>>> print(open('upload00.cif').read())   # mmCIF, C-alpha atoms and all ligand atoms
data_structure
#
loop_
_atom_site.label_atom_id
_atom_site.label_comp_id
_atom_site.auth_asym_id
_atom_site.auth_seq_id
_atom_site.Cartn_x
_atom_site.Cartn_y
_atom_site.Cartn_z
CA MET A 1 -11.03 -1.74 -29.77
CA ALA A 2 -12.07 -5.40 -29.65
CA ALA A 3 -15.82 -5.00 -30.21
CA MET A 4 -18.44 -7.76 -29.73
CA ASN A 5 -21.02 -5.57 -31.41
CA ASP A 6 -21.21 -1.85 -32.04
CA HIS A 7 -21.32 -1.04 -28.35
CA THR A 8 -19.76 -3.84 -26.33
CA ILE A 9 -16.05 -4.40 -25.92
CA ASP A 10 -15.02 -8.02 -25.40
CA MET A 11 -12.62 -7.81 -22.47
CA ASP A 12 -11.16 -11.28 -23.18
CA ARG A 13 -10.14 -10.07 -26.62
CA LEU A 14 -8.87 -6.81 -25.21
CA PHE A 15 -6.81 -8.75 -22.65
CA ALA A 16 -5.38 -10.95 -25.43
CA ARG A 17 -4.53 -7.83 -27.40
CA ALA A 18 -2.93 -6.28 -24.30
CA LYS A 19 -0.80 -9.39 -23.78
CA GLY A 20 0.47 -9.02 -27.33
CA VAL A 21 2.10 -5.68 -26.55
CA ILE A 22 2.46 -5.54 -22.76
CA PRO A 23 3.98 -8.43 -20.72
CA GLY A 24 1.03 -10.15 -19.05
CA GLY A 25 -1.18 -7.39 -20.46
CA VAL A 26 -0.62 -5.23 -17.40
CA SER A 27 1.63 -2.47 -16.10
CA SER A 28 1.85 -4.04 -12.62
CA PRO A 29 1.61 -7.81 -11.98
CA VAL A 30 -1.19 -8.09 -9.42
CA ARG A 31 -3.61 -6.46 -11.86
CA ALA A 32 -3.41 -9.51 -14.16
CA PHE A 33 -5.72 -11.60 -11.91
CA GLY A 34 -2.94 -14.23 -11.81
CA SER A 35 -3.97 -15.72 -8.47
CA VAL A 36 -7.74 -15.50 -8.92
CA GLY A 37 -7.87 -16.42 -12.60
CA GLY A 38 -9.98 -14.91 -15.33
CA THR A 39 -9.79 -11.65 -17.22
CA PRO A 40 -9.03 -8.39 -15.47
CA VAL A 41 -11.59 -5.62 -15.58
CA PHE A 42 -10.36 -2.93 -17.96
CA VAL A 43 -11.33 0.32 -16.28
CA ALA A 44 -12.43 3.32 -18.31
CA GLU A 45 -13.48 5.69 -15.57
CA ALA A 46 -13.82 6.03 -11.81
CA LYS A 47 -15.99 8.33 -9.74
CA GLY A 48 -16.53 8.38 -5.97
CA ALA A 49 -16.83 4.81 -4.68
CA HIS A 50 -17.22 3.32 -8.16
CA VAL A 51 -15.13 2.18 -11.09
CA PHE A 52 -16.65 1.70 -14.53
CA ASP A 53 -15.34 -0.78 -17.04
CA VAL A 54 -14.88 -0.18 -20.75
CA ASN A 55 -18.52 -1.18 -21.29
CA GLY A 56 -19.79 1.26 -18.70
CA ARG A 57 -20.55 -1.44 -16.11
CA ASP A 58 -20.32 -0.06 -12.60
CA TYR A 59 -18.55 -1.78 -9.68
CA VAL A 60 -18.38 -0.68 -6.06
CA ASP A 61 -14.63 -0.35 -5.66
CA LEU A 62 -12.74 -1.70 -2.66
CA VAL A 63 -9.33 -1.17 -4.28
CA CYS A 64 -9.34 2.64 -4.36
CA SER A 65 -6.29 2.59 -6.64
CA TRP A 66 -4.53 0.50 -3.95
CA GLY A 67 -4.91 3.28 -1.43
CA PRO A 68 -4.56 6.78 -2.88
CA ALA A 69 -8.30 7.44 -3.35
CA LEU A 70 -8.97 8.26 0.33
CA LEU A 71 -11.52 10.89 -0.71
CA GLY A 72 -13.02 8.69 -3.43
CA HIS A 73 -12.17 8.71 -7.11
CA ALA A 74 -12.04 12.03 -8.96
CA HIS A 75 -12.93 14.18 -5.96
CA PRO A 76 -14.05 17.47 -7.59
CA GLN A 77 -11.73 19.68 -5.54
CA VAL A 78 -8.71 17.49 -6.21
CA VAL A 79 -9.50 17.32 -9.92
CA GLU A 80 -9.94 21.09 -10.02
CA ALA A 81 -6.59 21.63 -8.26
CA VAL A 82 -4.88 19.39 -10.84
CA GLN A 83 -6.63 21.16 -13.72
CA ARG A 84 -5.56 24.56 -12.39
CA ALA A 85 -1.98 23.34 -12.06
CA ALA A 86 -2.02 21.72 -15.52
CA ALA A 87 -3.07 24.98 -17.12
CA LYS A 88 0.14 26.52 -15.76
CA GLY A 89 2.48 23.85 -17.12
CA LEU A 90 2.94 20.11 -16.76
CA SER A 91 6.52 19.91 -15.53
CA PHE A 92 9.23 22.46 -14.87
CA GLY A 93 12.29 20.62 -13.62
CA ALA A 94 12.69 23.49 -11.17
CA PRO A 95 11.69 24.12 -7.55
CA THR A 96 8.11 25.24 -6.84
CA SER A 97 6.38 26.84 -3.88
CA ALA A 98 3.85 23.98 -3.97
CA GLU A 99 6.60 21.52 -2.99
CA VAL A 100 7.41 23.68 0.02
CA GLU A 101 3.74 23.81 0.97
CA LEU A 102 3.31 20.03 0.67
CA ALA A 103 6.50 19.35 2.65
CA GLU A 104 5.23 21.67 5.41
CA LEU A 105 1.85 19.94 5.41
CA ILE A 106 3.57 16.55 5.77
CA ARG A 107 5.78 17.78 8.60
CA SER A 108 2.79 19.28 10.44
CA ARG A 109 1.17 15.81 10.49
CA VAL A 110 4.27 13.65 10.89
CA PRO A 111 6.77 15.66 12.98
CA VAL A 112 9.60 13.12 12.52
CA ALA A 113 9.64 14.21 8.87
CA GLU A 114 11.64 17.33 9.75
CA GLN A 115 12.78 17.45 6.13
CA VAL A 116 11.15 15.88 3.10
CA ARG A 117 12.40 14.84 -0.34
CA PHE A 118 9.84 14.22 -3.10
CA VAL A 119 10.11 11.35 -5.58
CA SER A 120 7.58 9.79 -7.95
CA THR A 121 6.91 6.30 -6.55
CA GLY A 122 7.00 4.42 -3.27
CA THR A 123 9.74 2.24 -4.74
CA GLU A 124 11.97 5.29 -5.15
CA ALA A 125 11.17 6.48 -1.64
CA THR A 126 12.20 3.22 0.05
CA MET A 127 15.19 2.71 -2.27
CA THR A 128 16.43 6.20 -1.41
CA ALA A 129 15.82 5.64 2.29
CA LEU A 130 18.05 2.54 2.17
CA ARG A 131 20.79 4.44 0.36
CA LEU A 132 20.56 7.20 2.91
CA ALA A 133 20.79 4.72 5.79
CA ARG A 134 23.86 3.13 4.19
CA GLY A 135 25.38 6.55 3.57
CA ALA A 136 24.69 7.64 7.14
CA THR A 137 26.11 4.51 8.80
CA GLY A 138 28.79 3.41 6.33
CA ARG A 139 27.33 -0.13 6.61
CA ASP A 140 26.05 -2.39 3.81
CA LYS A 141 23.50 -4.79 5.23
CA ILE A 142 19.81 -4.12 5.63
CA VAL A 143 17.11 -6.04 7.48
CA LYS A 144 13.60 -6.55 6.16
CA PHE A 145 10.78 -8.82 7.28
CA ALA A 146 9.31 -11.77 5.35
CA GLY A 147 6.07 -10.91 3.60
CA LEU A 148 6.54 -7.16 3.83
CA TYR A 149 6.69 -5.25 0.59
CA HIS A 150 8.59 -2.03 0.02
CA GLY A 151 8.45 -1.66 -3.76
CA HIS A 152 10.60 -3.38 -6.32
CA SER A 153 14.17 -2.18 -5.82
CA ASP A 154 16.74 -5.01 -5.85
CA ALA A 155 17.57 -5.07 -2.16
CA LEU A 156 13.92 -5.26 -1.09
CA LEU A 157 12.57 -8.07 -3.24
CA ALA A 158 13.62 -10.95 -0.99
CA ALA A 159 10.61 -12.76 0.53
CA ALA A 160 8.43 -9.82 -0.41
CA GLY A 161 4.64 -9.62 -0.22
CA SER A 162 2.21 -8.06 -2.71
CA GLY A 163 2.71 -9.30 -6.31
CA LEU A 164 5.49 -11.71 -5.28
CA ALA A 165 3.18 -13.29 -2.72
CA THR A 166 0.43 -13.51 -5.33
CA GLN A 167 2.74 -15.37 -7.70
CA GLY A 168 4.35 -17.46 -4.97
CA LEU A 169 7.82 -16.14 -5.82
CA PRO A 170 10.56 -16.09 -3.15
CA GLY A 171 12.28 -13.22 -4.94
CA SER A 172 12.98 -11.91 -8.41
CA ALA A 173 15.28 -13.07 -11.16
CA GLY A 174 17.71 -10.37 -12.20
CA VAL A 175 18.75 -9.43 -8.66
CA THR A 176 22.48 -9.95 -8.23
CA ARG A 177 23.85 -12.18 -5.49
CA ALA A 178 25.59 -9.12 -4.11
CA ALA A 179 22.36 -7.12 -3.84
CA ALA A 180 20.45 -10.03 -2.31
CA GLY A 181 23.37 -10.97 -0.06
CA ASP A 182 23.20 -7.69 1.79
CA THR A 183 19.54 -8.22 2.68
CA ILE A 184 18.76 -10.14 5.85
CA VAL A 185 15.18 -11.42 6.09
CA VAL A 186 13.62 -11.93 9.52
CA ASP A 187 10.17 -13.30 10.45
CA TYR A 188 7.69 -10.55 11.23
CA ASN A 189 6.61 -10.06 14.85
CA ASP A 190 9.62 -12.07 16.07
CA VAL A 191 11.69 -9.89 18.40
CA ASP A 192 13.99 -12.78 19.39
CA ALA A 193 14.92 -13.44 15.75
CA LEU A 194 15.73 -9.78 15.27
CA GLU A 195 17.86 -9.77 18.43
CA ARG A 196 19.77 -12.81 17.13
CA VAL A 197 20.47 -11.18 13.76
CA PHE A 198 21.83 -8.07 15.47
CA ALA A 199 23.86 -10.16 17.92
CA GLU A 200 25.58 -11.80 14.95
CA ALA A 201 25.99 -8.90 12.54
CA GLY A 202 24.89 -5.73 14.37
CA ASP A 203 27.91 -3.68 13.34
CA GLU A 204 27.30 -4.41 9.65
CA ILE A 205 23.59 -3.50 9.61
CA ALA A 206 22.67 -0.07 8.27
CA CYS A 207 18.96 -0.23 8.97
CA VAL A 208 15.79 -2.14 9.59
CA ILE A 209 12.94 -1.29 7.25
CA VAL A 210 9.40 -2.17 8.29
CA GLU A 211 5.92 -1.36 7.02
CA ALA A 212 4.24 0.64 9.79
CA VAL A 213 1.56 -2.04 9.57
CA PRO A 214 2.19 -4.83 7.07
CA CYS A 215 -0.54 -4.61 4.43
CA ASN A 216 1.02 -6.48 1.51
CA MET A 217 0.50 -10.02 2.85
CA GLY A 218 -2.98 -9.00 3.95
CA VAL A 219 -3.24 -6.78 7.01
CA VAL A 220 -1.06 -8.07 9.87
CA PRO A 221 -0.94 -5.61 12.78
CA PRO A 222 2.31 -5.42 14.74
CA ALA A 223 2.21 -7.29 18.05
CA ASP A 224 2.18 -4.94 21.03
CA GLY A 225 5.61 -3.40 21.39
CA PHE A 226 7.07 -4.90 18.19
CA ASN A 227 7.79 -1.59 16.44
CA ALA A 228 9.16 -0.16 19.69
CA ALA A 229 11.44 -3.21 19.99
CA ILE A 230 12.81 -2.54 16.50
CA ARG A 231 13.58 1.00 17.62
CA ARG A 232 15.30 -0.18 20.79
CA ILE A 233 17.43 -2.80 19.01
CA THR A 234 18.45 -0.54 16.12
CA GLU A 235 19.40 2.22 18.52
CA GLN A 236 21.52 -0.16 20.62
CA HIS A 237 23.47 -1.15 17.50
CA GLY A 238 23.77 2.23 15.81
CA ALA A 239 21.46 1.24 12.95
CA LEU A 240 18.61 3.31 11.56
CA MET A 241 14.91 2.47 11.66
CA ILE A 242 12.92 3.17 8.51
CA VAL A 243 9.15 3.06 8.83
CA ASP A 244 7.45 2.54 5.49
CA GLU A 245 4.12 4.39 5.51
CA VAL A 246 3.63 4.27 1.74
CA LEU A 247 0.39 2.42 2.27
CA THR A 248 -0.66 3.52 5.74
CA GLY A 249 0.50 7.17 5.61
CA PHE A 250 -2.39 9.67 5.75
CA ARG A 251 -4.80 6.73 5.27
CA VAL A 252 -5.11 5.03 8.66
CA GLY A 253 -5.27 8.46 10.31
CA PRO A 254 -4.17 12.08 9.79
CA GLY A 255 -0.60 11.29 10.91
CA GLY A 256 -0.53 7.75 9.53
CA TRP A 257 0.29 4.82 11.82
CA LEU A 258 2.97 6.88 13.58
CA GLY A 259 0.18 9.21 14.69
CA ILE A 260 -1.73 6.28 16.18
CA GLU A 261 0.96 4.04 17.70
CA GLN A 262 3.03 6.27 19.94
CA GLY A 263 6.14 5.54 21.97
CA TYR A 264 8.92 5.22 19.41
CA THR A 265 10.42 7.52 16.80
CA PRO A 266 11.99 6.18 13.61
CA ASP A 267 14.85 7.92 11.82
CA LEU A 268 13.24 7.90 8.38
CA VAL A 269 9.72 7.47 7.08
CA THR A 270 8.49 6.86 3.54
CA PHE A 271 5.21 8.02 2.01
CA GLY A 272 3.30 7.32 -1.19
CA LYS A 273 -0.26 6.74 -2.37
CA VAL A 274 -2.51 9.20 -0.41
CA VAL A 275 0.24 11.84 -0.28
CA GLY A 276 -0.02 12.15 -4.08
CA GLY A 277 -3.81 12.17 -4.14
CA GLY A 278 -3.81 9.65 -7.03
CA MET A 279 -0.95 11.24 -8.97
CA PRO A 280 2.57 9.75 -9.17
CA LEU A 281 4.13 11.29 -6.08
CA ALA A 282 5.90 9.78 -3.08
CA ALA A 283 8.31 11.10 -0.49
CA LEU A 284 10.77 10.28 2.22
CA GLY A 285 11.22 12.30 5.34
CA GLY A 286 13.15 12.11 8.56
CA ARG A 287 15.51 13.69 10.99
CA ALA A 288 17.07 16.76 9.45
CA GLU A 289 20.66 15.66 10.19
CA ILE A 290 20.08 12.47 8.16
CA MET A 291 18.06 14.09 5.38
CA GLN A 292 20.85 16.65 5.02
CA LEU A 293 23.08 13.85 3.75
CA LEU A 294 21.09 13.92 0.51
CA ALA A 295 22.58 15.75 -2.46
CA PRO A 296 22.99 18.62 -3.06
CA VAL A 297 23.79 19.19 0.64
CA GLY A 298 25.42 15.84 1.32
CA PRO A 299 27.07 12.95 -0.53
CA VAL A 300 24.08 10.60 -0.99
CA TYR A 301 22.83 11.07 -4.53
CA GLN A 302 19.19 11.02 -5.60
CA ALA A 303 17.42 12.94 -8.36
CA GLY A 304 14.39 12.88 -10.69
CA THR A 305 13.08 14.94 -13.59
CA LEU A 306 9.48 14.44 -12.48
CA SER A 307 10.16 14.61 -8.73
CA GLY A 308 7.86 17.15 -7.10
CA ASN A 309 5.85 17.40 -10.31
CA PRO A 310 3.45 20.38 -10.12
CA LEU A 311 0.29 18.39 -10.97
CA ALA A 312 1.14 15.72 -8.41
CA THR A 313 1.96 18.23 -5.68
CA ALA A 314 -1.33 20.04 -6.39
CA ALA A 315 -3.25 16.77 -5.98
CA GLY A 316 -1.33 15.97 -2.78
CA ILE A 317 -1.95 19.38 -1.22
CA ALA A 318 -5.67 19.33 -2.08
CA THR A 319 -6.03 15.80 -0.71
CA LEU A 320 -4.24 16.49 2.57
CA GLN A 321 -6.13 19.75 3.06
CA LEU A 322 -9.44 17.94 2.62
CA ALA A 323 -8.49 14.90 4.73
CA ASP A 324 -9.73 16.19 8.08
CA ALA A 325 -10.96 14.38 11.18
CA ASP A 326 -14.45 13.94 9.69
CA VAL A 327 -13.00 12.14 6.68
CA TYR A 328 -11.14 9.65 8.87
CA ALA A 329 -14.18 9.18 11.13
CA HIS A 330 -16.29 8.32 8.08
CA VAL A 331 -13.74 5.95 6.56
CA ASP A 332 -13.26 4.23 9.95
CA ARG A 333 -17.04 3.79 10.36
CA ILE A 334 -17.59 2.36 6.88
CA SER A 335 -14.59 0.07 7.26
CA ALA A 336 -15.83 -1.26 10.62
CA GLU A 337 -19.28 -1.85 9.14
CA LEU A 338 -17.85 -3.77 6.18
CA GLN A 339 -15.59 -5.86 8.40
CA GLY A 340 -18.65 -6.89 10.43
CA LEU A 341 -20.69 -7.71 7.32
CA VAL A 342 -17.92 -9.82 5.77
CA ASP A 343 -17.37 -11.64 9.06
CA ASP A 344 -21.10 -12.38 9.44
CA ALA A 345 -21.52 -13.61 5.86
CA LEU A 346 -18.52 -15.96 6.03
CA THR A 347 -19.56 -17.22 9.47
CA SER A 348 -23.09 -17.95 8.22
CA ALA A 349 -21.69 -19.91 5.28
CA GLY A 350 -19.32 -21.84 7.57
CA VAL A 351 -16.18 -20.56 5.84
CA PRO A 352 -13.02 -20.57 7.99
CA HIS A 353 -11.77 -17.00 8.02
CA VAL A 354 -10.29 -14.23 10.10
CA VAL A 355 -10.79 -10.52 9.45
CA GLN A 356 -7.77 -8.46 10.52
CA HIS A 357 -7.48 -4.72 10.59
CA ALA A 358 -5.33 -1.78 11.53
CA SER A 359 -7.51 1.27 11.88
CA ASN A 360 -9.57 1.40 8.64
CA LEU A 361 -7.33 -0.94 6.63
CA PHE A 362 -8.50 -4.52 6.70
CA SER A 363 -8.31 -7.82 4.89
CA VAL A 364 -9.79 -11.27 5.14
CA PHE A 365 -7.68 -14.40 5.52
CA PHE A 366 -9.34 -17.67 4.58
CA ARG A 367 -8.12 -19.62 7.60
CA ASP A 368 -9.43 -19.69 11.13
CA GLU A 369 -6.28 -18.80 13.06
CA PRO A 370 -4.99 -15.23 13.46
CA VAL A 371 -2.19 -14.29 11.08
CA ARG A 372 0.98 -12.96 12.72
CA ASN A 373 3.55 -13.48 9.97
CA TYR A 374 4.12 -14.50 6.35
CA ALA A 375 4.01 -18.26 7.02
CA ASP A 376 0.57 -17.82 8.61
CA ALA A 377 -0.60 -15.68 5.68
CA GLN A 378 0.53 -18.30 3.19
CA ALA A 379 -1.32 -21.02 5.09
CA GLN A 380 -4.74 -19.83 3.93
CA ASP A 381 -7.16 -21.17 1.38
CA THR A 382 -6.41 -18.88 -1.57
CA ALA A 383 -8.74 -20.90 -3.80
CA ALA A 384 -11.64 -20.00 -1.47
CA PHE A 385 -10.63 -16.37 -1.80
CA GLY A 386 -10.68 -16.75 -5.61
CA ARG A 387 -14.26 -18.08 -5.56
CA PHE A 388 -15.33 -15.33 -3.16
CA PHE A 389 -13.63 -12.69 -5.30
CA HIS A 390 -15.26 -13.80 -8.55
CA SER A 391 -18.72 -13.97 -7.03
CA MET A 392 -18.34 -10.43 -5.67
CA LEU A 393 -17.07 -9.23 -9.04
CA ALA A 394 -19.97 -10.85 -10.90
CA GLN A 395 -22.29 -9.00 -8.52
CA GLY A 396 -20.60 -5.67 -9.16
CA VAL A 397 -18.13 -5.38 -6.28
CA ALA A 398 -14.42 -5.07 -7.12
CA LEU A 399 -12.11 -6.47 -4.44
CA PRO A 400 -8.30 -6.50 -4.67
CA PRO A 401 -7.57 -9.50 -6.94
CA SER A 402 -5.33 -11.27 -4.44
CA ALA A 403 -5.71 -12.82 -0.99
CA PHE A 404 -2.54 -10.97 0.05
CA GLU A 405 -3.75 -7.38 -0.31
CA ALA A 406 -5.59 -4.92 1.92
CA TRP A 407 -9.11 -3.72 1.14
CA PHE A 408 -9.65 0.03 0.92
CA VAL A 409 -12.65 2.29 1.48
CA SER A 410 -13.04 6.01 1.00
CA LEU A 411 -15.03 9.09 1.97
CA ALA A 412 -17.25 8.35 -1.04
CA HIS A 413 -18.32 4.93 0.27
CA ASP A 414 -21.78 5.73 1.55
CA ASP A 415 -24.64 3.63 2.91
CA HIS A 416 -25.75 2.84 -0.63
CA ALA A 417 -22.32 1.39 -1.49
CA VAL A 418 -22.32 -0.56 1.77
CA SER A 419 -25.75 -2.03 1.04
CA ARG A 420 -24.64 -3.14 -2.43
CA ILE A 421 -21.69 -4.90 -0.85
CA ALA A 422 -23.94 -6.38 1.85
CA ASP A 423 -26.31 -7.75 -0.81
CA ALA A 424 -23.42 -9.44 -2.64
CA LEU A 425 -21.79 -11.04 0.40
CA PRO A 426 -24.07 -14.04 1.15
CA ALA A 427 -23.71 -15.54 -2.35
CA ALA A 428 -19.96 -14.85 -2.36
CA ALA A 429 -19.59 -16.53 1.03
CA ARG A 430 -21.51 -19.55 -0.26
CA ALA A 431 -19.25 -19.65 -3.33
CA ALA A 432 -16.20 -19.59 -1.04
CA ALA A 433 -17.71 -22.52 0.90
CA THR A 434 -18.32 -24.58 -2.24
CA LYS A 435 -15.26 -26.53 -3.38
N1 LIG B 1 1.85 -2.94 -5.18
C1 LIG B 1 0.45 -2.69 -5.19
C2 LIG B 1 -0.28 -3.55 -4.22
N2 LIG B 1 0.24 -3.59 -2.93
C3 LIG B 1 -0.16 -2.93 -6.57
C4 LIG B 1 -0.03 -1.76 -7.42
C5 LIG B 1 -0.82 -1.83 -8.69
O1 LIG B 1 -0.86 -2.88 -9.33
O2 LIG B 1 -1.41 -0.83 -9.06
#
>>> encode(input="upload00.cif", output="structure tokens", more="lines below")
Ligand code: HOZ
Amino acid sequence: MAAMNDHTIDMDRLFARAKGVIPGGVSSPVRAFGSVGGTPVFVAEAKGAHVFDVNGRDYVDLVCSWGPALLGHAHPQVVEAVQRAAAKGLSFGAPTSAEVELAELIRSRVPVAEQVRFVSTGTEATMTALRLARGATGRDKIVKFAGLYHGHSDALLAAAGSGLATQGLPGSAGVTRAAAGDTIVVDYNDVDALERVFAEAGDEIACVIVEAVPCNMGVVPPADGFNAAIRRITEQHGALMIVDEVLTGFRVGPGGWLGIEQGYTPDLVTFGKVVGGGMPLAALGGRAEIMQLLAPVGPVYQAGTLSGNPLATAAGIATLQLADADVYAHVDRISAELQGLVDDALTSAGVPHVVQHASNLFSVFFRDEPVRNYADAQAQDTAAFGRFFHSMLAQGVALPPSAFEAWFVSLAHDDHAVSRIADALPAAARAAATK
């Protein structure tokens, strides 16, 4: 370890060492603090609402592992379930009864997931959903929306949010023209634009994929009727609708966003994050007749040695069993309280901002107009966010290190955590105001 003295690890030196062996020093780009500057916090441990760095410094955590830690970090019952499973073997490469139990739990909360296939990451879930849509329709093209992020498979990297937004990249090198050429990008919340695309190429489009609520360019709720319009248009043209609930699923409510916003039914839905309780597990589900196209029943191939891993399914089952109405009521209350506190602090400091939310997921845009699409999200003062972020961090509050990410709270965020955040906000708001 890079030690400053016998007890303290110099995180700058650790970051330099990390960069020597890992590109950018990180396993996922947004963690590198690229858009806020400085040295990332190297985390050694997390418990409840807190993360602890390699020197034991404690931060109130508003990242929650980017969503999975709905119950707080290292919830004792989830950890115990994983330990029990681990004692019986780490991976079998064979079916387990736990997979059946988790699939049934998912279906009981999200009825459109009549059948479920487990994978390891959200990227795999959305990538498989696209392949399935293409297999089901015999069409090549897919439609996604600017600023929405569905993992890092080739077809979905065009105008994507999350780490690409953070780095200001329109897409990724290494994606072939053929892969990119089959992706049509439409502005979010723009029904007319979607209609036009289908009028031109409707019989070539396999599917529209949409985050249930976009949360990877900050939180941008769908305009009233937008998701239903996607359903109507796709149905008219024989295309499928894929709702990506990797981020929102089992977090914004027991049935995800589909349990909150009624009135339309997608063909396929993808899950990740909370469904794995912090372990690498994701899933896709949907109408049985479409899911039955997956191998070994049908011709659409998908497979994975670690898919349905027994430790991950144990964490997912324990998490979903514990995530009852009281959990969501608590998370909603804490989230609403924090949104109000952030709003008040920024207003008092005269910082242009808008707080947007969908259920308990929220984010703050440093501009004074509501954000309806990616162009709006990009037209914010990201430097102000950077100053706000670093002041919060210096005061022991860890926010997502990008203006384009959602903020997350958990069951473990109690009044004490809220008051620590409240104490840090005025100085952070003043820092944001100071150019
Ligand atoms: N794609 C995640 C944010 N939307 C970041 C994942 C990570 O860096 O852990």
>>> closest_residue(input="upload00.cif", among="A:Pro76, A:Gly286, A:Gly122, A:Pro95", to="ligand LIG 1 (chain B)", atoms="only C-alpha atoms and all ligand atoms")
A:Gly122
>>> residues_around(input="upload00.cif", residues="Val175 (chain A)", least_positions_apart="5", cutoff="9 Å", atoms="only C-alpha atoms", output="list in words")
Asp154, Ala155, Leu157 and Ala180 of chain A
>>> write_last_selection(input="upload00.cif", atoms="C-alpha atoms", output="short mmCIF file (atom, residue, chain, number, x, y, z; two decimals), in the frame of the given file")
data_model
loop_
_atom_site.label_atom_id
_atom_site.label_comp_id
_atom_site.auth_asym_id
_atom_site.auth_seq_id
_atom_site.Cartn_x
_atom_site.Cartn_y
_atom_site.Cartn_z
CA ASP A 154 16.74 -5.01 -5.85
CA ALA A 155 17.57 -5.07 -2.16
CA LEU A 157 12.57 -8.07 -3.24
CA ALA A 180 20.45 -10.03 -2.31
#
>>> atom_distance(input="upload00.cif", atom1="CA of Phe92 (chain A)", atom2="CA of Ser65 (chain A)")
26.5 Å
>>> residues_around(input="upload00.cif", residues="Lys47 (chain A)", least_positions_apart="5", cutoff="9 Å", atoms="all atoms listed in the file", output="number ranges by chain")
A: 52, 72-75, 412
>>> closest_residue(input="upload00.cif", among="A:Asp324, A:Asp182, A:Glu211, A:Asp368", to="ligand LIG 1 (chain B)", atoms="all atoms listed in the file")
A:Glu211
>>> closest_residue(input="upload00.cif", among="A:Gly350, A:Gly34, A:Gly238, A:Gly135", to="Leu293 (chain A)", atoms="all atoms listed in the file")
A:Gly135
>>> residues_near_ligand(input="upload00.cif", ligand="ligand LIG 1 (chain B)", cutoff="7 Å", atoms="only C-alpha atoms and all ligand atoms", output="list in words")
Ser28, Pro29, Val30, Arg31, Ser65, Trp66, Gly151, Ser162, Gly163, Asn216 and Glu405 of chain A
>>> closest_residue(input="upload00.cif", among="A:Gly67, A:Gly386, A:Gly171, A:Gly304", to="Val409 (chain A)", atoms="all atoms listed in the file")
A:Gly67
>>> closest_residue(input="upload00.cif", among="A:Ala312, A:Cys215, A:Ala87, A:Val41", to="Ala283 (chain A)", atoms="all atoms listed in the file")
A:Ala312
>>> closest_atom_pairs(input="upload00.cif", of="region 186-298 of chain A", to="region 123-133 of chain A", cutoff="6 Å", atoms="only C-alpha atoms", output="Markdown table")
| residue | atom | partner | partner_atom | distance |
| --- | --- | --- | --- | --- |
| A:Ala206 | CA | A:Ala133 | CA | 5.7 |
| A:Thr270 | CA | A:Ala125 | CA | 5.8 |
| A:Ala283 | CA | A:Ala125 | CA | 5.6 |
| A:Leu284 | CA | A:Ala125 | CA | 5.4 |
>>> atom_distance(input="upload00.cif", atom1="CA of Ala303 (chain A)", atom2="CA of Leu102 (chain A)")
18.2 Å
>>> residues_near_point(input="upload00.cif", point="(-0.9, 21.4, 0.3)", cutoff="7 Å", atoms="only C-alpha atoms", output="JSON, numbers by chain")
{"A": [98, 101, 102, 105, 314, 316, 317, 318, 320, 321]}
>>> atom_distance(input="upload00.cif", atom1="CA of Gly181 (chain A)", atom2="CA of Pro221 (chain A)")
28.0 Å
